[in-house]
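Okay, structure18.pdb now, which holds PDB, C-alpha atoms:
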```
ATOM      1  CA  MET A1492     -26.344   7.545 -10.647
ATOM      2  CA  THR A1493     -23.332   9.576  -9.508
ATOM      3  CA  ALA A1494     -21.287   8.638  -6.470
ATOM      4  CA  ASN A1495     -22.544  11.828  -4.744
ATOM      5  CA  ASN A1496     -26.088  10.424  -4.660
ATOM      6  CA  ALA A1497     -24.859   7.377  -2.769
ATOM      7  CA  TYR A1498     -22.957   9.262  -0.073
ATOM      8  CA  PRO A1499     -24.495  11.054   2.934
ATOM      9  CA  ILE A1500     -22.050  13.998   3.016
ATOM     10  CA  GLY A1501     -22.010  16.823   0.499
ATOM     11  CA  GLN A1502     -24.233  18.104  -2.282
ATOM     12  CA  VAL A1503     -24.464  16.607  -5.758
ATOM     13  CA  GLY A1504     -22.211  18.473  -8.168
ATOM     14  CA  GLN A1505     -20.329  20.380  -5.461
ATOM     15  CA  LYS A1506     -16.833  19.550  -4.277
ATOM     16  CA  TRP A1507     -16.320  19.240  -0.561
ATOM     17  CA  GLN A1508     -15.137  22.295   1.290
ATOM     18  CA  ASP A1509     -13.841  22.505   4.864
ATOM     19  CA  ASN A1510     -17.323  22.016   6.323
ATOM     20  CA  GLU A1511     -17.919  18.729   4.495
ATOM     21  CA  LYS A1512     -14.437  17.476   5.351
ATOM     22  CA  ALA A1513     -15.108  18.267   9.002
ATOM     23  CA  GLN A1514     -18.395  16.354   8.818
ATOM     24  CA  TRP A1515     -16.569  13.381   7.359
ATOM     25  CA  LEU A1516     -13.853  13.490  10.025
ATOM     26  CA  ALA A1517     -16.418  13.730  12.826
ATOM     27  CA  VAL A1518     -17.892  10.330  11.992
ATOM     28  CA  GLN A1519     -14.558   8.498  11.884
ATOM     29  CA  LYS A1520     -13.953   6.272  14.910
ATOM     30  CA  VAL A1521     -10.909   4.455  16.237
ATOM     31  CA  LYS A1522     -11.410   0.718  15.711
ATOM     32  CA  ARG A1523      -7.960  -0.688  16.497
ATOM     33  CA  SER A1524      -4.620   0.346  17.959
ATOM     34  CA  TYR A1525      -1.497   1.242  16.008
ATOM     35  CA  ALA A1526       0.502   1.059  19.245
ATOM     36  CA  ASP A1527      -0.775  -2.406  20.148
ATOM     37  CA  ASP A1528      -0.671  -3.924  16.670
ATOM     38  CA  VAL A1529       2.392  -2.338  15.092
ATOM     39  CA  LEU A1530       4.630  -0.482  17.528
ATOM     40  CA  SER A1531       4.531  -3.374  19.994
ATOM     41  CA  GLN A1532       6.390  -5.549  17.471
ATOM     42  CA  LEU A1533       9.347  -3.226  17.028
ATOM     43  CA  ASP A1534      11.249  -4.245  20.170
ATOM     44  CA  VAL A1535      11.525  -7.838  18.979
ATOM     45  CA  LEU A1536      12.544  -6.735  15.493
ATOM     46  CA  ALA A1537      15.268  -4.470  16.881
ATOM     47  CA  SER A1538      17.603  -7.455  17.131
ATOM     48  CA  HIS A1539      17.445  -7.889  13.327
ATOM     49  CA  PHE A1540      17.072  -4.294  12.097
ATOM     50  CA  ASP A1541      18.182  -0.754  12.686
ATOM     51  CA  ILE A1542      14.900   0.880  13.641
ATOM     52  CA  GLU A1543      14.545   4.591  12.944
ATOM     53  CA  GLN A1544      11.760   6.998  13.797
ATOM     54  CA  TYR A1545      11.697   8.992  10.596
ATOM     55  CA  ALA A1546       8.797  11.342  11.367
ATOM     56  CA  SER A1547       5.878  12.061  13.643
ATOM     57  CA  LEU A1548       2.330  12.909  12.591
ATOM     58  CA  ASP A1549       0.476  15.356  14.823
ATOM     59  CA  TYR A1550      -3.277  15.214  14.376
ATOM     60  CA  ALA A1551      -6.137  16.224  16.644
ATOM     61  CA  ALA A1552      -6.670  12.530  17.371
ATOM     62  CA  GLY A1553      -3.106  12.195  18.670
ATOM     63  CA  THR A1554       0.543  11.930  17.749
ATOM     64  CA  TYR A1555       1.721   9.036  15.601
ATOM     65  CA  PRO A1556       5.433   8.189  15.404
ATOM     66  CA  LEU A1557       6.513   6.690  12.070
ATOM     67  CA  PHE A1558       9.212   4.026  11.905
ATOM     68  CA  SER A1559      11.360   2.342   9.285
ATOM     69  CA  LEU A1560      13.336  -0.878   9.618
ATOM     70  CA  GLY A1561      16.710  -1.005   7.907
ATOM     71  CA  SER A1562      19.185  -3.818   7.372
ATOM     72  CA  PRO A1563      21.557  -3.836  10.357
ATOM     73  CA  SER A1564      24.690  -3.325   8.273
ATOM     74  CA  TRP A1565      23.902  -0.944   5.434
ATOM     75  CA  ASP A1566      26.470  -1.728   2.750
ATOM     76  CA  LYS A1567      26.824   0.694  -0.164
ATOM     77  CA  SER A1568      28.021  -2.160  -2.383
ATOM     78  CA  LYS A1569      24.622  -3.894  -2.100
ATOM     79  CA  PRO A1570      21.448  -2.917  -3.965
ATOM     80  CA  ASN A1571      18.730  -1.212  -1.926
ATOM     81  CA  VAL A1572      15.165  -2.558  -1.720
ATOM     82  CA  LEU A1573      12.179  -0.634  -0.350
ATOM     83  CA  ILE A1574       9.116  -2.423   1.067
ATOM     84  CA  THR A1575       6.129  -0.327   2.119
ATOM     85  CA  GLY A1576       2.824  -1.214   3.737
ATOM     86  CA  GLY A1577      -0.151   0.600   5.181
ATOM     87  CA  VAL A1578      -0.128   3.511   2.747
ATOM     88  CA  HIS A1579      -3.858   2.871   2.806
ATOM     89  CA  GLY A1580      -4.379   2.125   6.464
ATOM     90  CA  TYR A1581      -7.468  -0.024   5.947
ATOM     91  CA  GLU A1582      -5.517  -2.515   3.838
ATOM     92  CA  THR A1583      -4.544  -4.692   6.764
ATOM     93  CA  SER A1584      -2.418  -7.419   5.216
ATOM     94  CA  GLY A1585      -0.056  -4.809   3.792
ATOM     95  CA  VAL A1586       0.889  -3.775   7.321
ATOM     96  CA  PHE A1587       1.089  -7.287   8.721
ATOM     97  CA  GLY A1588       2.699  -8.684   5.595
ATOM     98  CA  ALA A1589       5.573  -6.210   5.942
ATOM     99  CA  LEU A1590       5.951  -7.039   9.641
ATOM    100  CA  ARG A1591       5.716 -10.794   9.041
ATOM    101  CA  PHE A1592       8.374 -10.620   6.331
ATOM    102  CA  ALA A1593      10.628  -8.638   8.660
ATOM    103  CA  ALA A1594      10.178 -11.180  11.444
ATOM    104  CA  SER A1595      10.267 -14.424   9.488
ATOM    105  CA  ALA A1596      12.016 -14.064   6.149
ATOM    106  CA  ALA A1597      14.119 -10.917   5.902
ATOM    107  CA  LYS A1598      17.176 -12.422   7.584
ATOM    108  CA  ALA A1599      17.805 -14.610   4.534
ATOM    109  CA  TYR A1600      18.166 -11.531   2.332
ATOM    110  CA  HIS A1601      20.335  -9.203   4.421
ATOM    111  CA  ASP A1602      23.533 -10.589   2.882
ATOM    112  CA  ARG A1603      22.304  -9.756  -0.639
ATOM    113  CA  PHE A1604      20.327  -6.524  -0.188
ATOM    114  CA  ASN A1605      19.986  -3.448   1.955
ATOM    115  CA  LEU A1606      16.354  -3.698   3.033
ATOM    116  CA  MET A1607      14.273  -0.727   4.106
ATOM    117  CA  ILE A1608      10.839  -1.706   5.417
ATOM    118  CA  VAL A1609       8.170   0.850   6.299
ATOM    119  CA  PRO A1610       5.303  -1.254   7.668
ATOM    120  CA  CYS A1611       2.644   1.397   8.333
ATOM    121  CA  VAL A1612       2.844   4.650   6.401
ATOM    122  CA  SER A1613      -0.613   5.855   7.523
ATOM    123  CA  PRO A1614      -1.249   4.968  11.197
ATOM    124  CA  TRP A1615      -4.332   7.149  11.742
ATOM    125  CA  ALA A1616      -5.944   5.497   8.726
ATOM    126  CA  TYR A1617      -4.877   2.120  10.145
ATOM    127  CA  GLU A1618      -6.659   2.842  13.429
ATOM    128  CA  THR A1619      -9.848   4.156  11.806
ATOM    129  CA  ILE A1620      -9.762   1.638   8.909
ATOM    130  CA  ASN A1621      -9.638   4.352   6.293
ATOM    131  CA  ARG A1622      -8.246   5.070   2.855
ATOM    132  CA  TRP A1623      -7.717   8.778   3.577
ATOM    133  CA  ASN A1624      -5.896  10.680   6.294
ATOM    134  CA  PRO A1625      -7.777  13.063   8.673
ATOM    135  CA  LEU A1626      -7.566  15.817   6.049
ATOM    136  CA  ALA A1627      -9.648  13.678   3.635
ATOM    137  CA  ILE A1628      -6.540  13.261   1.466
ATOM    138  CA  ASP A1629      -5.494   9.950  -0.081
ATOM    139  CA  PRO A1630      -1.781   9.453   0.676
ATOM    140  CA  ASN A1631      -1.527   7.046  -2.247
ATOM    141  CA  ARG A1632      -2.368   9.836  -4.682
ATOM    142  CA  SER A1633      -0.029  12.321  -2.995
ATOM    143  CA  PHE A1634       3.546  11.255  -3.732
ATOM    144  CA  TYR A1635       4.709  14.398  -5.484
ATOM    145  CA  ALA A1636       6.577  17.617  -4.655
ATOM    146  CA  ASN A1637       4.957  19.726  -1.935
ATOM    147  CA  SER A1638       2.650  16.845  -1.074
ATOM    148  CA  PRO A1639      -0.500  17.836   0.840
ATOM    149  CA  ALA A1640      -0.398  14.518   2.752
ATOM    150  CA  PRO A1641       2.029  14.515   5.707
ATOM    151  CA  GLU A1642       2.300  10.715   5.457
ATOM    152  CA  SER A1643       3.500  10.915   1.870
ATOM    153  CA  ALA A1644       5.798  13.866   2.479
ATOM    154  CA  ALA A1645       7.476  12.078   5.395
ATOM    155  CA  LEU A1646       8.144   8.933   3.368
ATOM    156  CA  MET A1647       9.468  10.978   0.444
ATOM    157  CA  LYS A1648      11.896  12.718   2.790
ATOM    158  CA  LEU A1649      13.010   9.382   4.277
ATOM    159  CA  VAL A1650      14.035   7.897   0.927
ATOM    160  CA  SER A1651      15.378  11.061  -0.689
ATOM    161  CA  GLY A1652      18.978  10.656  -1.793
ATOM    162  CA  LEU A1653      18.778   6.849  -1.838
ATOM    163  CA  ASP A1654      18.854   4.754  -4.986
ATOM    164  CA  PHE A1655      16.668   1.638  -4.976
ATOM    165  CA  LEU A1656      16.823  -1.372  -7.226
ATOM    166  CA  MET A1657      13.288  -2.425  -6.303
ATOM    167  CA  HIS A1658      10.216  -1.142  -4.504
ATOM    168  CA  ILE A1659       7.319  -3.383  -3.453
ATOM    169  CA  ASP A1660       4.226  -1.602  -2.128
ATOM    170  CA  LEU A1661       1.723  -3.836  -0.311
ATOM    171  CA  HIS A1662      -2.002  -3.187  -0.810
ATOM    172  CA  GLU A1663      -5.464  -4.762  -0.802
ATOM    173  CA  THR A1664      -8.578  -4.377  -2.944
ATOM    174  CA  THR A1665     -11.649  -4.786  -0.737
ATOM    175  CA  ASP A1666     -15.426  -4.850  -1.001
ATOM    176  CA  THR A1667     -15.449  -1.499   0.820
ATOM    177  CA  ASP A1668     -13.791   0.060  -2.227
ATOM    178  CA  ASN A1669     -17.248  -0.036  -3.819
ATOM    179  CA  SER A1670     -19.399   0.357  -0.715
ATOM    180  CA  GLU A1671     -17.506   3.228   0.954
ATOM    181  CA  PHE A1672     -14.310   4.576  -0.544
ATOM    182  CA  ARG A1673     -15.247   5.165  -4.182
ATOM    183  CA  PRO A1674     -18.602   6.750  -3.224
ATOM    184  CA  ALA A1675     -16.748   9.012  -0.767
ATOM    185  CA  LEU A1676     -14.248   9.943  -3.468
ATOM    186  CA  GLY A1677     -17.037  10.751  -5.893
ATOM    187  CA  ALA A1678     -18.767  12.916  -3.308
ATOM    188  CA  ARG A1679     -15.579  14.729  -2.266
ATOM    189  CA  ASP A1680     -14.551  15.567  -5.826
ATOM    190  CA  ALA A1681     -18.043  15.939  -7.343
ATOM    191  CA  VAL A1682     -17.333  13.342 -10.014
ATOM    192  CA  GLU A1683     -18.944  10.068 -10.979
ATOM    193  CA  HIS A1684     -17.177   6.850 -10.017
ATOM    194  CA  LYS A1685     -18.934   3.765 -11.299
ATOM    195  CA  GLU A1686     -18.602   0.579  -9.325
ATOM    196  CA  TRP A1687     -16.077  -1.883 -10.666
ATOM    197  CA  ALA A1688     -16.045  -5.626 -10.286
ATOM    198  CA  ILE A1689     -13.945  -6.456  -7.234
ATOM    199  CA  PRO A1690     -11.524  -9.173  -8.398
ATOM    200  CA  ASP A1691     -11.555 -12.358  -6.350
ATOM    201  CA  GLY A1692      -7.886 -13.055  -5.770
ATOM    202  CA  PHE A1693      -4.387 -11.650  -5.750
ATOM    203  CA  TYR A1694      -3.022  -9.451  -8.523
ATOM    204  CA  THR A1695      -0.172  -7.000  -9.083
ATOM    205  CA  VAL A1696       0.097  -3.540 -10.572
ATOM    206  CA  GLY A1697       3.187  -2.708 -12.588
ATOM    207  CA  ASP A1698       4.426   0.702 -13.699
ATOM    208  CA  THR A1699       3.317   1.652 -17.217
ATOM    209  CA  LEU A1700       6.721   3.181 -17.998
ATOM    210  CA  LYS A1701       8.708   0.222 -16.627
ATOM    211  CA  PRO A1702       6.270  -2.669 -16.365
ATOM    212  CA  SER A1703       8.865  -5.361 -15.529
ATOM    213  CA  PRO A1704       6.719  -8.253 -16.790
ATOM    214  CA  GLU A1705       9.202 -10.891 -15.652
ATOM    215  CA  LEU A1706       9.194  -9.475 -12.115
ATOM    216  CA  GLN A1707       5.398  -9.477 -12.049
ATOM    217  CA  LYS A1708       5.366 -13.054 -13.337
ATOM    218  CA  ALA A1709       7.789 -14.129 -10.593
ATOM    219  CA  ILE A1710       5.578 -12.526  -7.940
ATOM    220  CA  ILE A1711       2.431 -14.170  -9.284
ATOM    221  CA  GLU A1712       4.117 -17.593  -9.409
ATOM    222  CA  SER A1713       5.346 -17.221  -5.824
ATOM    223  CA  VAL A1714       1.974 -16.075  -4.487
ATOM    224  CA  GLU A1715       0.130 -18.767  -6.418
ATOM    225  CA  LYS A1716       1.733 -21.330  -4.120
ATOM    226  CA  VAL A1717      -0.211 -19.936  -1.151
ATOM    227  CA  THR A1718      -3.392 -18.391  -2.573
ATOM    228  CA  HIS A1719      -5.421 -17.917  -5.752
ATOM    229  CA  ILE A1720      -4.797 -15.339  -8.477
ATOM    230  CA  ALA A1721      -7.549 -12.953  -9.587
ATOM    231  CA  PRO A1722      -9.109 -13.730 -12.963
ATOM    232  CA  ALA A1723      -9.861 -10.982 -15.455
ATOM    233  CA  ASP A1724     -13.481  -9.989 -16.015
ATOM    234  CA  ALA A1725     -15.371 -10.581 -19.259
ATOM    235  CA  SER A1726     -13.636  -7.609 -20.897
ATOM    236  CA  ARG A1727     -10.195  -8.924 -19.893
ATOM    237  CA  ARG A1728      -9.807  -6.235 -17.258
ATOM    238  CA  ILE A1729      -9.061  -6.022 -13.555
ATOM    239  CA  ILE A1730     -10.474  -2.920 -11.786
ATOM    240  CA  GLY A1731     -11.043  -1.396 -15.197
ATOM    241  CA  GLU A1732      -7.516  -1.929 -16.550
ATOM    242  CA  LEU A1733      -6.587  -4.362 -19.307
ATOM    243  CA  ILE A1734      -4.604  -7.336 -18.053
ATOM    244  CA  GLN A1735      -1.023  -7.610 -19.311
ATOM    245  CA  GLN A1736      -0.563 -11.220 -18.264
ATOM    246  CA  LYS A1737      -2.096 -13.499 -15.665
ATOM    247  CA  GLY A1738      -2.933 -11.421 -12.603
ATOM    248  CA  VAL A1739      -1.112  -8.283 -13.774
ATOM    249  CA  ILE A1740      -2.215  -4.781 -14.782
ATOM    250  CA  ASN A1741      -0.228  -1.548 -15.146
ATOM    251  CA  TYR A1742      -0.740   1.987 -13.830
ATOM    252  CA  ALA A1743       1.091   5.263 -14.506
ATOM    253  CA  THR A1744       2.485   5.351 -10.983
ATOM    254  CA  LYS A1745       4.326   8.674 -11.024
ATOM    255  CA  ALA A1746       1.651  10.550 -12.951
ATOM    256  CA  LEU A1747      -0.977   9.362 -10.452
ATOM    257  CA  GLY A1748       1.152  10.191  -7.403
ATOM    258  CA  LEU A1749       1.208   6.566  -6.269
ATOM    259  CA  CYS A1750       3.586   5.235  -3.650
ATOM    260  CA  ALA A1751       4.984   2.793  -6.212
ATOM    261  CA  GLY A1752       6.263   5.805  -8.157
ATOM    262  CA  LEU A1753       8.033   7.199  -5.112
ATOM    263  CA  THR A1754      11.523   6.192  -6.244
ATOM    264  CA  ASP A1755      13.307   5.675  -9.529
ATOM    265  CA  ALA A1756      13.693   1.960  -8.834
ATOM    266  CA  GLU A1757      14.150  -0.211 -11.898
ATOM    267  CA  PHE A1758      11.747  -2.842 -10.547
ATOM    268  CA  VAL A1759       8.400  -1.769  -9.115
ATOM    269  CA  SER A1760       5.263  -3.645  -8.122
ATOM    270  CA  THR A1761       2.135  -2.933  -6.134
ATOM    271  CA  THR A1762       0.559  -6.031  -4.629
ATOM    272  CA  GLU A1763      -3.213  -6.360  -4.274
ATOM    273  CA  VAL A1764      -4.786  -8.938  -1.963
ATOM    274  CA  TYR A1765      -8.547  -9.567  -1.755
ATOM    275  CA  PRO A1766      -9.300 -10.190   1.937
ATOM    276  CA  ASP A1767     -13.065 -10.517   1.447
ATOM    277  CA  SER A1768     -12.832 -13.663  -0.650
ATOM    278  CA  PRO A1769     -14.520 -16.738   0.867
ATOM    279  CA  LYS A1770     -11.395 -18.646  -0.168
ATOM    280  CA  VAL A1771      -9.033 -16.830   2.229
ATOM    281  CA  ASP A1772      -8.621 -15.676   5.798
ATOM    282  CA  ALA A1773      -6.424 -13.027   7.434
ATOM    283  CA  GLU A1774      -3.476 -15.406   7.799
ATOM    284  CA  ASN A1775      -3.620 -16.448   4.160
ATOM    285  CA  CYS A1776      -3.604 -12.783   3.104
ATOM    286  CA  ILE A1777      -0.482 -12.133   5.177
ATOM    287  CA  GLN A1778       1.189 -15.188   3.670
ATOM    288  CA  ALA A1779       0.369 -13.892   0.187
ATOM    289  CA  GLN A1780       2.099 -10.590   0.906
ATOM    290  CA  VAL A1781       5.186 -12.353   2.248
ATOM    291  CA  ALA A1782       5.251 -14.641  -0.789
ATOM    292  CA  ALA A1783       5.060 -11.591  -3.047
ATOM    293  CA  ILE A1784       8.069 -10.011  -1.343
ATOM    294  CA  THR A1785      10.188 -13.163  -1.365
ATOM    295  CA  GLY A1786       9.234 -13.948  -4.955
ATOM    296  CA  ALA A1787      10.299 -10.460  -5.996
ATOM    297  CA  LEU A1788      13.568 -10.622  -4.050
ATOM    298  CA  ASP A1789      14.431 -14.029  -5.428
ATOM    299  CA  PHE A1790      13.844 -12.711  -8.936
ATOM    300  CA  VAL A1791      16.099  -9.664  -8.633
ATOM    301  CA  ALA A1792      18.741 -11.709  -6.805
ATOM    302  CA  ASP A1793      19.084 -13.924  -9.891
ATOM    303  CA  ILE A1794      19.361 -11.215 -12.537
TER     304      ILE A1794
END
```
As structure tokens:
Amino acid sequence: MTANNAYPIGQVGQKWQDNEKAQWLAVQKVKRSYADDVLSQLDVLASHFDIEQYASLDYAAGTYPLFSLGSPSWDKSKPNVLITGGVHGYETSGVFGALRFAASAAKAYHDRFNLMIVPCVSPWAYETINRWNPLAIDPNRSFYANSPAPESAALMKLVSGLDFLMHIDLHETTDTDNSEFRPALGARDAVEHKEWAIPDGFYTVGDTLKPSPELQKAIIESVEKVTHIAPADASRRIIGELIQQKGVINYATKALGLCAGLTDAEFVSTTEVYPDSPKVDAENCIQAQVAAITGALDFVADI
């Protein structure tokens, strides 16, 4: 069975055109507030960061200002670290993990690094709990020149001209990947996407060209103190990719247009939390993201 058969919009074997994209957009509903959940936290964080509005997204649903948080004294002698969340707006702990780190742990690292934190790259998708933006485009497959996704283009412009030692991109793998987002992708692109086993636990995705196995190991060991690590399936894979070590797979980040390939950072990792596990709750997922960031920072601080 192809993914098109499982999705109510579009015709089997035919890619979506403007009409199908409009049908998809019409059924999306606001379920939570970017202003209440994210922007409301910025005033408190202003005492610890230089907060910059780096862009504004203008959609029919409204205007969404985009903000970054930078270390208060940007020192060119220090290495730069980029932390991004909410590239996929439905992946909640990525947004709150970035904000929690900024509020509770970042202060300990300002003397060693220049931190740039972008907590919610895709606010419309955050509000509607979506993987795509209103144009039915996945921002996390759109980090390349002349990007069709305004979210991706804005972040690329923000970091252009800056050299980063490390980039941590905070994500989740959810049950809705199989129930909604992969079927929608199959229908939109008229291709078959088989369901994959959703891994129960935390894992990381390294860059195929610079996998940084010791960094990934440090992240896994840090996160393991607060939550469980995803096991491989019977074929030694996680979401279809062969494991490289406990809880770690690799992707070709730049070739796929992923956010983790946004910079030329030496150390890159995408975190993946599983919020639907019966072993965790929302708070535990946030703690896992914070532990991933601090584990990564502690690793690069010691090299």
*Could you tell me which residues the PyMOL selection byres ((chain A and resi 1746) around 12) returns for this structure, as a list of chain:residue names?*
A:Asn1631, A:Arg1632, A:Ser1633, A:Phe1634, A:Tyr1635, A:Ala1636, A:Asp1698, A:Thr1699, A:Leu1700, A:Tyr1742, A:Ala1743, A:Thr1744, A:Lys1745, A:Leu1747, A:Gly1748, A:Leu1749, A:Cys1750, A:Ala1751, A:Gly1752, A:Leu1753
*Residues matched by the PyMOL selection byres ((chain A and resi 1619) around 6) as a ChimeraX atom specification*: /A:1520-1522,1616-1618,1620-1621
*Identify all residues satisfying the PyMOL selection byres ((chain A and resi 1560) around 9) in the given file; provide them as number ranges by chain.*
A: 1533, 1536-1537, 1539-1543, 1558-1559, 1561-1563, 1593, 1606-1610
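The protein and nucleic acid residues lying at most 8 Å from segment 1701-1715 of chain A are Phe1693, Tyr1694, Thr1695, Gly1697, His1719, Ile1720, Gln1736, Lys1737, Gly1738, Val1739, Asn1741, Glu1757, Phe1758, Val1759, Ser1760, Ala1779, Gln1780, Ala1782, Ala1783, Ile1784, Thr1785, Gly1786, Ala1787, Phe1790 and Val1791 of chain A, with all atoms listed in the file considered and sequence neighbours fewer than 4 positions away removed.
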*Mind listing whatever residues come within 10 Å of the point (-18.1, -7.3, -9.3)? Use all atoms listed in the file, file coordinates, and give them as JSON, numbers by chain.*
{"A": [1666, 1669, 1686, 1687, 1688, 1689, 1690, 1691, 1724, 1730]}
Grab the residues selected above and save them as a short mmCIF file (atom, residue, chain, number, x, y, z; two decimals), in the coordinates of the input with C-alpha atoms.
```
data_model
loop_
_atom_site.label_atom_id
_atom_site.label_comp_id
_atom_site.auth_asym_id
_atom_site.auth_seq_id
_atom_site.Cartn_x
_atom_site.Cartn_y
_atom_site.Cartn_z
CA ASP A 1666 -15.43 -4.85 -1.00
CA ASN A 1669 -17.25 -0.04 -3.82
CA GLU A 1686 -18.60 0.58 -9.32
CA TRP A 1687 -16.08 -1.88 -10.67
CA ALA A 1688 -16.05 -5.63 -10.29
CA ILE A 1689 -13.94 -6.46 -7.23
CA PRO A 1690 -11.52 -9.17 -8.40
CA ASP A 1691 -11.56 -12.36 -6.35
CA ASP A 1724 -13.48 -9.99 -16.02
CA ILE A 1730 -10.47 -2.92 -11.79
#
```
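Note that atom CA of Asp1654 of chain A and atom CA of His1601 of chain A are 16.9 Å apart.
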*Is there a way to get, as a count of residues only, all residues within 9 Å of the point (-0.6, 16.3, 5.5) in file coordinates, counting only C-alpha atoms?*
13
*Could you name the residues that touch Gly1652 of chain A at 12 Å or less, counting only C-alpha atoms, but leaving out those on the same chain fewer than 3 positions away, as a ChimeraX atom specification?*
/A:1571,1647-1649,1655,1753-1755
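Between Ala1594 of chain A and the candidates A:Val1535, A:Ala1627, A:Ala1513, A:Leu1530, the tightest atom-to-atom separation, counting only C-alpha atoms, involves A:Val1535.
Each of A:Tyr1525, A:Phe1592, A:Tyr1765, A:Trp1565 was checked against Gly1692 of chain A using all atoms listed in the file; the smallest atom-to-atom distance is that of A:Tyr1765.
Here the question is which of A:Glu1774, A:Ala1681, A:Ala1721, A:Arg1622 gets nearest to Gln1508 of chain A using only C-alpha atoms, and that residue is A:Ala1681.
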Return as JSON the centre and edge lengths, in Å with one decimal, of the box along x, y and z that encloses every atom of segment 1757-1765 of chain A in the file, padded by 4 Å per side.
```
{"center_x": 2.8, "center_y": -4.9, "center_z": -6.8, "size_x": 30.7, "size_y": 17.4, "size_z": 18.1}
```
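Rounded to one decimal, atom CA of Ser1524 of chain A and atom CA of Tyr1555 of chain A lie 11.0 Å from each other.
Straight-line separation from atom CA of Asp1772 of chain A to atom CA of His1579 of chain A: 19.4 Å.
Here the question is which of A:Ser1768, A:Thr1575, A:Leu1646, A:Glu1732 gets nearest to Phe1587 of chain A using only C-alpha atoms, and that residue is A:Thr1575.
Checking A:Lys1770, A:Phe1672, A:Pro1499, A:Gln1778 one by one against Val1717 of chain A, counting all atoms listed in the file, you find the shortest gap at A:Gln1778.
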_Best match for closeness to Thr1583 of chain A among A:Pro1556, A:Gly1677, A:Pro1570, A:Pro1614, counting only C-alpha atoms_ = A:Pro1614
_Report as a ChimeraX atom specification all protein, DNA and RNA residues lying within 9 Å of Ile1500 of chain A, evaluated on all atoms listed in the file, omitting residues in the same chain fewer than 4 positions from it._
/A:1495,1507,1511-1512,1514-1515,1675,1678-1679
Could I see segment 1697-1711 of chain A restored to N, CA and C atoms, set down as an mmCIF file, in the frame of the given file?
```
data_model
loop_
_atom_site.group_PDB
_atom_site.id
_atom_site.type_symbol
_atom_site.label_atom_id
_atom_site.label_comp_id
_atom_site.auth_asym_id
_atom_site.auth_seq_id
_atom_site.Cartn_x
_atom_site.Cartn_y
_atom_site.Cartn_z
ATOM 1 N N GLY A 1697 1.887 -3.176 -12.157
ATOM 2 C CA GLY A 1697 3.187 -2.708 -12.588
ATOM 3 C C GLY A 1697 3.140 -1.244 -12.980
ATOM 4 N N ASP A 1698 4.298 -0.690 -13.268
ATOM 5 C CA ASP A 1698 4.426 0.702 -13.699
ATOM 6 C C ASP A 1698 4.359 0.739 -15.226
ATOM 7 N N THR A 1699 3.484 1.567 -15.767
ATOM 8 C CA THR A 1699 3.317 1.652 -17.217
ATOM 9 C C THR A 1699 4.632 1.941 -17.932
ATOM 10 N N LEU A 1700 5.477 2.786 -17.340
ATOM 11 C CA LEU A 1700 6.721 3.181 -17.998
ATOM 12 C C LEU A 1700 7.830 2.145 -17.836
ATOM 13 N N LYS A 1701 7.731 1.291 -16.848
ATOM 14 C CA LYS A 1701 8.708 0.222 -16.627
ATOM 15 C C LYS A 1701 7.955 -0.978 -16.050
ATOM 16 N N PRO A 1702 7.214 -1.661 -16.866
ATOM 17 C CA PRO A 1702 6.270 -2.669 -16.365
ATOM 18 C C PRO A 1702 6.909 -3.913 -15.763
ATOM 19 N N SER A 1703 8.154 -4.216 -16.113
ATOM 20 C CA SER A 1703 8.865 -5.361 -15.529
ATOM 21 C C SER A 1703 8.014 -6.633 -15.560
ATOM 22 N N PRO A 1704 7.615 -7.095 -16.727
ATOM 23 C CA PRO A 1704 6.719 -8.253 -16.790
ATOM 24 C C PRO A 1704 7.299 -9.507 -16.163
ATOM 25 N N GLU A 1705 8.612 -9.696 -16.247
ATOM 26 C CA GLU A 1705 9.202 -10.891 -15.652
ATOM 27 C C GLU A 1705 9.164 -10.828 -14.122
ATOM 28 N N LEU A 1706 9.344 -9.639 -13.567
ATOM 29 C CA LEU A 1706 9.194 -9.475 -12.115
ATOM 30 C C LEU A 1706 7.771 -9.798 -11.698
ATOM 31 N N GLN A 1707 6.799 -9.230 -12.407
ATOM 32 C CA GLN A 1707 5.398 -9.477 -12.049
ATOM 33 C C GLN A 1707 5.080 -10.969 -12.142
ATOM 34 N N LYS A 1708 5.589 -11.616 -13.169
ATOM 35 C CA LYS A 1708 5.366 -13.054 -13.337
ATOM 36 C C LYS A 1708 5.951 -13.827 -12.163
ATOM 37 N N ALA A 1709 7.157 -13.448 -11.722
ATOM 38 C CA ALA A 1709 7.789 -14.129 -10.593
ATOM 39 C C ALA A 1709 6.972 -13.957 -9.317
ATOM 40 N N ILE A 1710 6.415 -12.767 -9.122
ATOM 41 C CA ILE A 1710 5.578 -12.526 -7.940
ATOM 42 C C ILE A 1710 4.319 -13.383 -8.002
ATOM 43 N N ILE A 1711 3.661 -13.381 -9.136
ATOM 44 C CA ILE A 1711 2.431 -14.170 -9.284
ATOM 45 C C ILE A 1711 2.718 -15.651 -9.028
#
```
